[in-house]
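Colleague: This is the structure I want to talk about, given as structure tokens.
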Amino acid sequence: MGRRGSKRLVFLFFCAFIQLHNVCLSQVVINGNVSNSDGTLNSVRVILKDGNSESTFAYTFTDENGNYQLKVGKLEGNYILIFSSLGYESKTIQISLHPRKPEININVELNEKPMKLDEIVIQTEKPISIRNDTITFNTKYFVDGTEQTVEQLLKNIPGINVGPEGTIKVGNQEIEKLLVDGDDFFNRGYKILSKNMPAYPIEEVEVLKNYSNNRLLKGIEESNKVALNLKLNEKSKRIWFGNIEAAFGPVDFYNFKGNLMNFGKQNKYYLLTNVNNIGYDATGDLNSIIRPNRLNSPASLGDNQSVRSLLNLSLNQLNFQQSRTNFNDAELLSLNSIFNPTEKLKIKVLSFFNWDESSFFRNRVDIVDTNDANFVNTEMYELENKKQIAFGKLDLTYNISNSKMLEATTKYNYNNFNDDSNLVFNGNSTTESLEHNNVLFDQKMAYSNKFKDKKVFLISGRYIYEKHPQIYKLNEFFFTDLFPDLEEANNVSQQSINQMQFAGINAHLLDRKENGHLLEIQLGNEFRKDRLQTTFSILEDDIILDNPNGYQNLTNYQVNNLYFKSKYRLEISSLGITGKLDLHQFYNELENTNYTSIQNPFFVNPSLGFDWKINDRNKIITTYSFNTSNAGVVDVFSDFVLTGYRSFLKGTNGFNQLDSSSIIFNYQLGDWSDRFFATAFVLYSKNHDFLSTNTILSQNFVQVEKILIKDREFININSKLDYYLKFITTNLKLDLGYTRAEFKNIVNDSNLRKVTSVNFNYGFELRSGLNGVFNFHLGTKWKSTEVQTTTNNSFTDNISFIDLSFIFNKKFDIQVQSERYYFGNLINDNKYYFLDLEARYRLLEDKLILGINGKNLFNTESFRNVAISDIGRSTSEYRLLPRFVLLEIEYRF
Amino acid sequence: MFLSFSCLLINAQETINTIKVEYDLILNTDFPVQKKGELIISNKLNQSIFYEVLENKENKIIEEDGKIRVIVSDKNVRFNHTDFNKNILISSESASNDEFNVTEPIPSFQWKLQDSTKIIGNFECKLATSSFRGRNYFAWYTENYPLKFGPWKFNGLPGLIVNAYDDSRRYIWSLTGLKTDSIPFNKYLASVENKLDTLSIEEFVQKKYGSDLNARLISKLPRNTSFKVSQTIRNGKEIRFEWEEEDQKD
């Protein structure tokens, strides 16, 4: 008892850390000391319970001197006090509490009781389980009931980041696919799904690290891809859901989108539609479905095989938003389904239909000033493209066993185009028309066999047929200088058929060694047969006057490529070395207008790469490769083909193999999230042989002939630097780029002349990371271009932007974007300004969203820019979509 | 669920030196990881130590007398050492690539004992909740083991923690094994010792969060990308400290 007073302070100190489940104004205090036969005992639990020993009213542990103090508040009645410690017999003491007796002192002595402590092992259900590269989240642990869409559910899962545009990242890496029960509809177009699919049918979310598109290659091929898999619960079969988005504005601008889907366990359906005339390209995401390009990954045989057309009526890519010049009227319908009739068989059917009528308007002045050619051409161009696209794809996957799989893909694509232009060329009013279609049939089979734990054998075969016939008509005859005898001629036409057949077979072995090294060997044969037929006619009204010699082609080109490819990757701590050696035996047969020649070249393509992580902050990747490539059909034809209303192109009429070497060097300092982050990239490539041009220029026509020349050089240096300015909470980004290309060509029977083109760009951006309502992002970039031949041409452009963001609250935000273009080579009208604004108000959280979307608010009507080349320069002016404001409404169901 | 038994005698004076409790840790951070942790308790010394078990390739197992296994590694071991005699908690922590030993008085968790019960394994567990440094924790404990120590910084429950997690389930501790151990507590303590600098918790927080990382990240995004500024960039276990609460309320 006497000891108690002296230990009072120690008690208080102790009690501050061992929480008592009690109120502060305790009136009854139980205290005392616990000991055993040898002395005091610490860490003995003292617990106050009711008589049934059900509820705990207070507890504490003894301190290092065996003392305890239990504040029990205003409790009254009979209770039990239990003293327990592992290795001792528990002692229970009955006590009676009454406010009139504010202090109770109980000292106990515990008896040792050797007790059996079982070694216990527990396995319990966990919200998250991690197995190898798969992390499974049991969603019931992560929802609070407010989640409507998959996107919102994913936001709740730690480690998964969803950007405002819906980009899903795991850590800092964008996902490859969003699977539903292991099935993939949309590839990279997954946002359509994540933004619309409701969350409630989802039982588990799986993060698949080191993801492989072929399940048998998992852990064997080199992969750093990430994918997500949404696992549905049993009861969520056959539920239809989706959304509707509609936007309308004055002057008949509209945009309508609809999604409808049903993801049953057995069958899955997805329907999508879009109708718009605001320049929006709804098929952007769908292009990766028609021609997915998985170059250099297993079973990508034939992915790079297609027909290239020689004549197009379309405008060049612009260095600003394409949608501003796209006067369109597009309709899209897409129907997709996946069936799983048996456990082993999966059938996937994708289809889409796209109709579009789009118009472009361009005025151009070409100033040609080189060697013997000096003239000015003016052109007013109105182009109308009509297209109908139908695409269907059938995928069958048959899982023979856990280690064997058979896949078959059948694709059919039919495109029909009608392009018409109204053209005023140097004051002559002209019309062009191009009718063409494209038929594609593609059949692929692949068999994969994981015959050992880390060894996979794949065999794939593919057949592709593609045909692209064209009829081109020009109602003017600009070629009097070429055909002086045909005085009556008043129009021309060209009919062409470009078709190809591809058949390939590939055997691929991937062998991941015990030490992590990877050996890949491929043996294959690819056969491609091309037929290019062009007929150029000079007409007087409907009567063909001539099919001039030298302007007709009938080319049959067959290439058989027997190859052996090998690749080995070594990993020695932080250094990775990849060596590649490809051997090709070609058998080429070229038939140009009944003259046949044969060639059997053999070549070796080696490559060597290093990736070295010097330390946490410094990384280097470098690659050297030597490559020989075999010429394609668009290089080897014999006579001129019309490629535009005033241009002709002629092939080499012979085989060519082109050698090139390249070196890539990439250095990274720091990490993206660091305060200071810098990268440097250098690419140097040298074409030991390449196809250059011999050009005859005149006011009314251009004739280009492909010629084989030695030595073309290209160097590109690019450096980016990020530095965070703490005092203004803003990041400074510097961007520096340099490109130099040097080659030789011939113009108007000159000698080989050297052409050097140099591009230099530099700029900076500032972007704030403020915590409040407002944020800004501004930047400016100068781009200077110089082309040196016998004469020099150069100019410098500048593009600047300021974006402002106001996020007032969860329901309401406004985004403003503005741009300024300055063209140094234009004397007047050299500055252009654009302003776009978007505001969104979430009326019912993720059910009903209202918005307003204004484009081109300064109502800039046209846009001019300048291009320079080795023959002169040209100024183009584009007509732009006028100012419009849309009211938007989105409803999800 | 399965149980395996091997009988060990607990005899207070001679044989029990320590009690070893094994936990699975789930750190559900960017790229979640699963780790193993061990809680070594010495009631007699009034101390506990909780450490992360290193991967096999990182640690060397030293055997003494054919049975003693102590973790030895070139890497510093992540640990929390709770000493009630001195009222001090030492934790190894990292701040921008540097590691430190961080000291603080043993924190009070202000546990609220709840009525919920649950059977986990063969333990009858009761629920207690607590808010601690910006996260709300749920702890399922068993009164059958009257131990005040817990994994990480947890302490002061009326029994051993079987399962604990924060309300976002970013951090999860699940008991997987429990046994007595004849290795003296001091051997364990020696095995996690390091030569790192020591900081008080206040100094450490200043070091770790003094810079404005979040703003730095947002300001690096390219054009036409953005994300909403989240309220905090502190996404560790501790996101708000006692001495900061006044600032937050303003």
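Note on naming: chains are A, B, ... as they come in the structure tokens, residues start from 1 per chain, ligands start from 1 in the order shown.
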Do a neighbour search on Val773 (chain A) at 8 Å with only C-alpha atoms, toss out local chain neighbours closer than 3 positions, and write the hits as an NGL selection string.

Modeller: :A and (805-809)

Colleague: Can you pull out every residue within 7 Å of Asn262 (chain A), counting only C-alpha atoms, but drop anything in the same chain fewer than 2 positions away, and send it as a list in words?

Modeller: Arg238, Ile239, Trp240, Phe241, Gly264, Lys268, Tyr269 and Tyr270 of chain A

Colleague: May I have the residues from that selection written out with C-alpha atoms, as an mmCIF file, in the first residue's frame?

Modeller:
data_model
loop_
_atom_site.group_PDB
_atom_site.id
_atom_site.type_symbol
_atom_site.label_atom_id
_atom_site.label_comp_id
_atom_site.auth_asym_id
_atom_site.auth_seq_id
_atom_site.Cartn_x
_atom_site.Cartn_y
_atom_site.Cartn_z
ATOM 1 C CA ARG A 238 -28.135 -11.523 -68.905
ATOM 2 C CA ILE A 239 -28.397 -8.038 -67.530
ATOM 3 C CA TRP A 240 -28.603 -5.340 -70.151
ATOM 4 C CA PHE A 241 -27.063 -2.000 -69.416
ATOM 5 C CA GLY A 264 -23.522 -13.165 -69.155
ATOM 6 C CA LYS A 268 -21.480 -11.635 -73.882
ATOM 7 C CA TYR A 269 -22.888 -8.914 -76.135
ATOM 8 C CA TYR A 270 -21.870 -5.357 -76.834
#

Colleague: Fewer than 6 positions away in the same chain doesn't count, so skip those; otherwise give me all residues within 12 Å of Phe327 (chain A), counting only C-alpha atoms, as an MDAnalysis selection string.

Modeller: chainID A and resid 253 276:281 356:361 382:386 878:882

Colleague: Atoms to include: N, CA and C atoms. Write the selected residues as an mmCIF file, in the first residue's frame.

Modeller:
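Okay, part-v2.cif is ready:
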data_model
loop_
_atom_site.group_PDB
_atom_site.id
_atom_site.type_symbol
_atom_site.label_atom_id
_atom_site.label_comp_id
_atom_site.auth_asym_id
_atom_site.auth_seq_id
_atom_site.Cartn_x
_atom_site.Cartn_y
_atom_site.Cartn_z
ATOM 1 N N PHE A 253 -25.527 21.124 -85.740
ATOM 2 C CA PHE A 253 -24.439 20.269 -85.274
ATOM 3 C C PHE A 253 -24.974 19.290 -84.237
ATOM 4 N N ASN A 276 -22.424 11.543 -85.819
ATOM 5 C CA ASN A 276 -22.001 12.921 -85.528
ATOM 6 C C ASN A 276 -21.624 13.678 -86.775
ATOM 7 N N ASN A 277 -21.641 14.991 -86.676
ATOM 8 C CA ASN A 277 -21.144 15.848 -87.761
ATOM 9 C C ASN A 277 -20.274 16.968 -87.203
ATOM 10 N N ILE A 278 -19.584 16.655 -86.100
ATOM 11 C CA ILE A 278 -18.739 17.685 -85.491
ATOM 12 C C ILE A 278 -17.254 17.385 -85.688
ATOM 13 N N GLY A 279 -16.952 16.536 -86.656
ATOM 14 C CA GLY A 279 -15.551 16.235 -86.941
ATOM 15 C C GLY A 279 -14.975 15.148 -86.065
ATOM 16 N N TYR A 280 -15.816 14.547 -85.222
ATOM 17 C CA TYR A 280 -15.337 13.542 -84.284
ATOM 18 C C TYR A 280 -15.123 12.201 -84.991
ATOM 19 N N ASP A 281 -13.976 11.600 -84.748
ATOM 20 C CA ASP A 281 -13.639 10.333 -85.397
ATOM 21 C C ASP A 281 -13.909 9.194 -84.425
ATOM 22 N N ASP A 356 -19.539 7.421 -93.830
ATOM 23 C CA ASP A 356 -19.096 8.791 -93.571
ATOM 24 C C ASP A 356 -19.077 9.570 -94.876
ATOM 25 N N GLU A 357 -19.512 10.797 -94.787
ATOM 26 C CA GLU A 357 -19.350 11.724 -95.904
ATOM 27 C C GLU A 357 -18.623 12.917 -95.340
ATOM 28 N N SER A 358 -17.419 13.138 -95.815
ATOM 29 C CA SER A 358 -16.677 14.249 -95.232
ATOM 30 C C SER A 358 -16.131 15.147 -96.328
ATOM 31 N N SER A 359 -15.978 16.395 -95.989
ATOM 32 C CA SER A 359 -15.477 17.371 -96.958
ATOM 33 C C SER A 359 -14.288 18.126 -96.380
ATOM 34 N N PHE A 360 -13.380 18.473 -97.271
ATOM 35 C CA PHE A 360 -12.233 19.302 -96.891
ATOM 36 C C PHE A 360 -12.084 20.396 -97.931
ATOM 37 N N PHE A 361 -11.561 21.520 -97.490
ATOM 38 C CA PHE A 361 -11.376 22.653 -98.403
ATOM 39 C C PHE A 361 -9.967 23.191 -98.240
ATOM 40 N N GLU A 382 -11.592 21.393 -103.445
ATOM 41 C CA GLU A 382 -12.711 20.995 -102.584
ATOM 42 C C GLU A 382 -12.850 19.503 -102.721
ATOM 43 N N LEU A 383 -12.692 18.824 -101.626
ATOM 44 C CA LEU A 383 -12.680 17.359 -101.680
ATOM 45 C C LEU A 383 -13.851 16.809 -100.899
ATOM 46 N N GLU A 384 -14.501 15.821 -101.498
ATOM 47 C CA GLU A 384 -15.578 15.153 -100.769
ATOM 48 C C GLU A 384 -15.305 13.656 -100.775
ATOM 49 N N ASN A 385 -15.135 13.093 -99.591
ATOM 50 C CA ASN A 385 -14.888 11.657 -99.454
ATOM 51 C C ASN A 385 -16.159 10.996 -98.930
ATOM 52 N N LYS A 386 -16.579 9.939 -99.660
ATOM 53 C CA LYS A 386 -17.690 9.140 -99.139
ATOM 54 C C LYS A 386 -17.157 7.748 -98.907
ATOM 55 N N TYR A 878 -6.627 26.220 -95.221
ATOM 56 C CA TYR A 878 -7.690 25.247 -94.987
ATOM 57 C C TYR A 878 -8.911 25.944 -94.437
ATOM 58 N N ARG A 879 -10.060 25.500 -94.898
ATOM 59 C CA ARG A 879 -11.291 26.041 -94.317
ATOM 60 C C ARG A 879 -11.611 25.264 -93.042
ATOM 61 N N LEU A 880 -12.083 25.967 -92.039
ATOM 62 C CA LEU A 880 -12.297 25.344 -90.734
ATOM 63 C C LEU A 880 -13.774 25.269 -90.380
ATOM 64 N N LEU A 881 -14.122 24.318 -89.545
ATOM 65 C CA LEU A 881 -15.485 24.251 -89.024
ATOM 66 C C LEU A 881 -15.758 25.525 -88.250
ATOM 67 N N PRO A 882 -16.915 26.147 -88.496
ATOM 68 C CA PRO A 882 -17.190 27.416 -87.813
ATOM 69 C C PRO A 882 -17.411 27.191 -86.320
#

Colleague: Tell me which protein, DNA and RNA residues are within 9 Å of Ile106 (chain B), counting only C-alpha atoms, leaving out same-chain ones fewer than 5 positions away, and put them as a PDB file with C-alpha atoms, in the first residue's frame.

Modeller:
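Output below, filename out37.pdb:
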ATOM      1  CA  PHE A  17      -0.469   4.527 -23.386  1.00  0.00           C
TER       2      PHE A  17
ATOM      3  CA  THR B  82       8.233  -1.535 -28.580  1.00  0.00           C
ATOM      4  CA  ASP B  83       9.750  -1.185 -25.128  1.00  0.00           C
ATOM      5  CA  PHE B  84       7.264  -0.517 -22.343  1.00  0.00           C
ATOM      6  CA  ASN B  87       8.052   3.872 -23.111  1.00  0.00           C
ATOM      7  CA  ILE B  88       9.784   4.056 -26.442  1.00  0.00           C
ATOM      8  CA  LEU B  89       8.914   2.774 -29.897  1.00  0.00           C
ATOM      9  CA  ILE B  90      11.678   2.580 -32.481  1.00  0.00           C
ATOM     10  CA  LYS B 153       2.749  -0.116 -33.854  1.00  0.00           C
ATOM     11  CA  ASN B 155      -0.577  -2.198 -28.827  1.00  0.00           C
TER      12      ASN B 155
END

Colleague: List the neighbours of Asp183 (chain A) out to 12 Å using only C-alpha atoms; skip same-chain residues closer than 3 positions along the sequence, and give me the result as a ChimeraX atom specification.

Modeller: /A:177-180,186-187,190,213,227-232,263-269,337-340,346-349,395,397

Colleague: Got time to write the residues from that selection, N, CA and C atoms, as a short mmCIF file (atom, residue, chain, number, x, y, z; two decimals), in the first residue's frame?

Modeller:
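Wrote out.cif, looks like this:
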data_model
loop_
_atom_site.label_atom_id
_atom_site.label_comp_id
_atom_site.auth_asym_id
_atom_site.auth_seq_id
_atom_site.Cartn_x
_atom_site.Cartn_y
_atom_site.Cartn_z
N LYS A 177 -5.33 -4.31 -71.57
CA LYS A 177 -6.68 -4.76 -71.87
C LYS A 177 -7.51 -4.74 -70.61
N LEU A 178 -8.81 -4.65 -70.80
CA LEU A 178 -9.73 -4.83 -69.68
C LEU A 178 -10.60 -6.03 -70.04
N LEU A 179 -10.32 -7.15 -69.40
CA LEU A 179 -11.02 -8.38 -69.73
C LEU A 179 -12.27 -8.51 -68.88
N VAL A 180 -13.28 -9.15 -69.43
CA VAL A 180 -14.46 -9.50 -68.64
C VAL A 180 -14.50 -11.03 -68.60
N PHE A 186 -12.34 -5.20 -76.58
CA PHE A 186 -12.02 -3.89 -77.15
C PHE A 186 -10.55 -3.56 -77.21
N ASN A 187 -9.71 -4.45 -76.70
CA ASN A 187 -8.30 -4.15 -76.73
C ASN A 187 -8.04 -2.84 -76.01
N TYR A 190 -10.71 0.00 -74.17
CA TYR A 190 -11.40 -0.49 -72.96
C TYR A 190 -12.23 0.56 -72.24
N ASN A 213 -0.49 -12.05 -74.30
CA ASN A 213 -1.71 -12.23 -75.08
C ASN A 213 -2.01 -13.70 -75.30
N ALA A 227 -2.67 -6.14 -67.41
CA ALA A 227 -4.06 -6.18 -67.83
C ALA A 227 -4.93 -6.35 -66.59
N LEU A 228 -6.21 -5.97 -66.73
CA LEU A 228 -7.16 -6.19 -65.64
C LEU A 228 -8.21 -7.18 -66.09
N ASN A 229 -8.65 -8.00 -65.18
CA ASN A 229 -9.71 -8.95 -65.47
C ASN A 229 -10.83 -8.75 -64.46
N LEU A 230 -12.05 -8.54 -64.97
CA LEU A 230 -13.20 -8.39 -64.09
C LEU A 230 -13.92 -9.72 -64.03
N LYS A 231 -14.05 -10.27 -62.83
CA LYS A 231 -14.75 -11.55 -62.70
C LYS A 231 -16.16 -11.29 -62.21
N LEU A 232 -17.12 -11.85 -62.94
CA LEU A 232 -18.53 -11.60 -62.63
C LEU A 232 -19.04 -12.63 -61.62
N PHE A 263 -23.26 -8.89 -70.29
CA PHE A 263 -22.14 -9.80 -70.10
C PHE A 263 -22.57 -10.97 -69.24
N GLY A 264 -23.19 -11.94 -69.88
CA GLY A 264 -23.52 -13.17 -69.16
C GLY A 264 -22.28 -14.01 -68.98
N LYS A 265 -22.39 -14.99 -68.12
CA LYS A 265 -21.25 -15.90 -67.93
C LYS A 265 -20.94 -16.65 -69.22
N GLN A 266 -22.00 -17.07 -69.90
CA GLN A 266 -21.81 -17.88 -71.10
C GLN A 266 -21.62 -17.00 -72.33
N ASN A 267 -22.52 -16.05 -72.50
CA ASN A 267 -22.50 -15.22 -73.70
C ASN A 267 -22.37 -13.76 -73.32
N LYS A 268 -21.66 -13.05 -74.15
CA LYS A 268 -21.48 -11.63 -73.88
C LYS A 268 -21.81 -10.85 -75.16
N TYR A 269 -22.50 -9.72 -74.99
CA TYR A 269 -22.89 -8.91 -76.14
C TYR A 269 -22.54 -7.46 -75.89
N SER A 337 -20.06 -9.94 -80.01
CA SER A 337 -20.50 -10.95 -79.04
C SER A 337 -19.43 -12.00 -78.85
N ILE A 338 -19.49 -12.62 -77.69
CA ILE A 338 -18.58 -13.71 -77.36
C ILE A 338 -19.42 -14.85 -76.81
N PHE A 339 -19.19 -16.05 -77.34
CA PHE A 339 -19.94 -17.22 -76.87
C PHE A 339 -18.97 -18.26 -76.32
N ASN A 340 -19.37 -18.91 -75.27
CA ASN A 340 -18.59 -20.01 -74.71
C ASN A 340 -19.47 -21.26 -74.67
N LYS A 346 -14.26 -21.18 -77.32
CA LYS A 346 -14.69 -19.79 -77.23
C LYS A 346 -14.87 -19.25 -78.64
N ILE A 347 -15.99 -18.58 -78.87
CA ILE A 347 -16.27 -18.00 -80.19
C ILE A 347 -16.48 -16.50 -79.98
N LYS A 348 -15.78 -15.72 -80.76
CA LYS A 348 -15.88 -14.27 -80.62
C LYS A 348 -16.26 -13.69 -81.97
N VAL A 349 -17.31 -12.93 -82.02
CA VAL A 349 -17.76 -12.33 -83.29
C VAL A 349 -17.76 -10.81 -83.13
N ASP A 395 -13.37 -15.12 -84.20
CA ASP A 395 -12.25 -15.73 -83.49
C ASP A 395 -12.72 -17.01 -82.83
N THR A 397 -11.29 -20.04 -80.29
CA THR A 397 -10.18 -20.53 -79.47
C THR A 397 -10.59 -21.87 -78.90
#

Colleague: I'd like the interatomic distance between CA of Leu70 (chain A) and CA of Lys86 (chain B), to a tenth of an Å.

Modeller: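 Computed distance, CA of Leu70 (chain A) to CA of Lys86 (chain B), equals 21.3 Å.
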
Colleague: Env of Leu649 (chain A): 9 Å cut, atoms = only C-alpha atoms, seq-sep filter 5 positions within chain, self excluded. Answer as number ranges by chain.

Modeller: A: 310, 639-643, 702-706

Colleague: Write the selection just made, keeping C-alpha atoms, as a CSV table (one decimal), in the first residue's frame?

Modeller:
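Below is the file result-v2.csv, written as the result:
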chain,number,residue,atom,x,y,z
A,310,LEU,CA,-0.6,4.5,-105.4
A,639,ASP,CA,6.1,2.1,-116.2
A,640,PHE,CA,4.5,5.3,-115.1
A,641,VAL,CA,1.4,5.3,-112.9
A,642,LEU,CA,-0.8,8.3,-112.4
A,643,THR,CA,-0.6,9.3,-108.7
A,702,VAL,CA,5.5,16.0,-112.5
A,703,GLN,CA,7.2,12.7,-113.5
A,704,VAL,CA,9.0,10.8,-110.7
A,705,GLU,CA,11.1,7.8,-111.3
A,706,LYS,CA,12.5,5.7,-108.5

Colleague: Return the single residue from A:Asn498, A:Ser685, A:Thr40, A:Ser433 that is closest to Thr555 (chain A), with distances computed using only C-alpha atoms.

Modeller: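 Under the stated criterion, the closest residue is A:Asn498.
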
Colleague: List as a ChimeraX atom specification the protein and nucleic acid residues near Ile621 (chain A), meaning an atom at most 8 Å away when only C-alpha atoms are counted, but skip any in the same chain fewer than 2 places from it.

Modeller: /A:609-612,619,623,664-667

Colleague: Check region 532-676 of chain A with DSSP on the backbone and list each residue it calls strand (DSSP E or B), as a ChimeraX atom specification.

Modeller: /A:532-540,543-546,553-572,575-592,595-599,602-613,618-630,640-644,647-650,657-669,676

Colleague: Mind checking DSSP for region 143-360 of chain A and telling me the helix (DSSP H, G or I) residues as a ChimeraX atom specification?

Modeller: /A:150-156,187-189,191-194,215-217,287-290,322-324

Colleague: Go ahead and save the residues from that selection, with C-alpha atoms, as a PDB file, in the first residue's frame.

Modeller:
ATOM      1  CA  VAL A 150     -16.486  -0.240 -63.217  1.00  0.00           C
ATOM      2  CA  GLU A 151     -14.425   2.912 -63.335  1.00  0.00           C
ATOM      3  CA  GLN A 152     -15.628   3.987 -59.902  1.00  0.00           C
ATOM      4  CA  LEU A 153     -15.020   0.543 -58.500  1.00  0.00           C
ATOM      5  CA  LEU A 154     -11.491   0.552 -59.845  1.00  0.00           C
ATOM      6  CA  LYS A 155     -10.884   3.958 -58.280  1.00  0.00           C
ATOM      7  CA  ASN A 156     -11.558   2.336 -54.894  1.00  0.00           C
ATOM      8  CA  ASN A 187      -8.300  -4.151 -76.730  1.00  0.00           C
ATOM      9  CA  ARG A 188      -7.042  -0.636 -76.037  1.00  0.00           C
ATOM     10  CA  GLY A 189     -10.536   0.754 -76.466  1.00  0.00           C
ATOM     11  CA  LYS A 191     -12.689   2.906 -71.777  1.00  0.00           C
ATOM     12  CA  ILE A 192     -15.994   2.252 -73.531  1.00  0.00           C
ATOM     13  CA  LEU A 193     -16.401  -0.626 -71.103  1.00  0.00           C
ATOM     14  CA  SER A 194     -15.020   0.852 -67.907  1.00  0.00           C
ATOM     15  CA  ARG A 215      -1.823 -17.630 -72.072  1.00  0.00           C
ATOM     16  CA  LEU A 216       0.769 -20.327 -72.731  1.00  0.00           C
ATOM     17  CA  LEU A 217       3.538 -17.762 -73.146  1.00  0.00           C
ATOM     18  CA  ASN A 287      -8.823   0.749 -86.161  1.00  0.00           C
ATOM     19  CA  SER A 288      -6.728  -1.280 -83.789  1.00  0.00           C
ATOM     20  CA  ILE A 289      -9.382  -3.976 -84.034  1.00  0.00           C
ATOM     21  CA  ILE A 290      -9.217  -4.327 -87.853  1.00  0.00           C
ATOM     22  CA  GLN A 322      -7.595  17.305 -87.676  1.00  0.00           C
ATOM     23  CA  SER A 323     -11.155  17.549 -86.394  1.00  0.00           C
ATOM     24  CA  ARG A 324     -11.193  21.304 -87.049  1.00  0.00           C
TER      25      ARG A 324
END

Colleague: Between A:Asn107, A:Ser421, A:Thr139, A:Gln699, which has the minimum distance to chain B (counting only C-alpha atoms)?

Modeller: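 Smallest separation from chain B among the options: A:Thr139.
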
Colleague: Of the candidates B:Ile26, B:Leu127, B:Val77, B:Leu175, which shows the shortest atom-to-atom distance to Pro158 (chain B), using only C-alpha atoms?

Modeller: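 So, comparing all the options, the nearest one is B:Leu127.
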
Colleague: Closest to Leu848 (chain A) among A:Val46, A:Ile244, A:Leu75, A:Ala299, using only C-alpha atoms?

Modeller: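 The shortest atom-to-atom distance to Leu848 (chain A) comes from A:Ile244.
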
Colleague: Point out the residue among B:Glu193, B:Glu242, B:Ser108, B:Asn85 with the least atom-to-atom distance to Lys44 (chain B), counting only C-alpha atoms.

Modeller: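 For Lys44 (chain B), the nearest of the given residues is B:Asn85.
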
Colleague: For chain A, which residue among B:Ile239, B:Ile41, B:Ile183, B:Leu199 is the nearest when counting only C-alpha atoms?

Modeller: B:Ile41
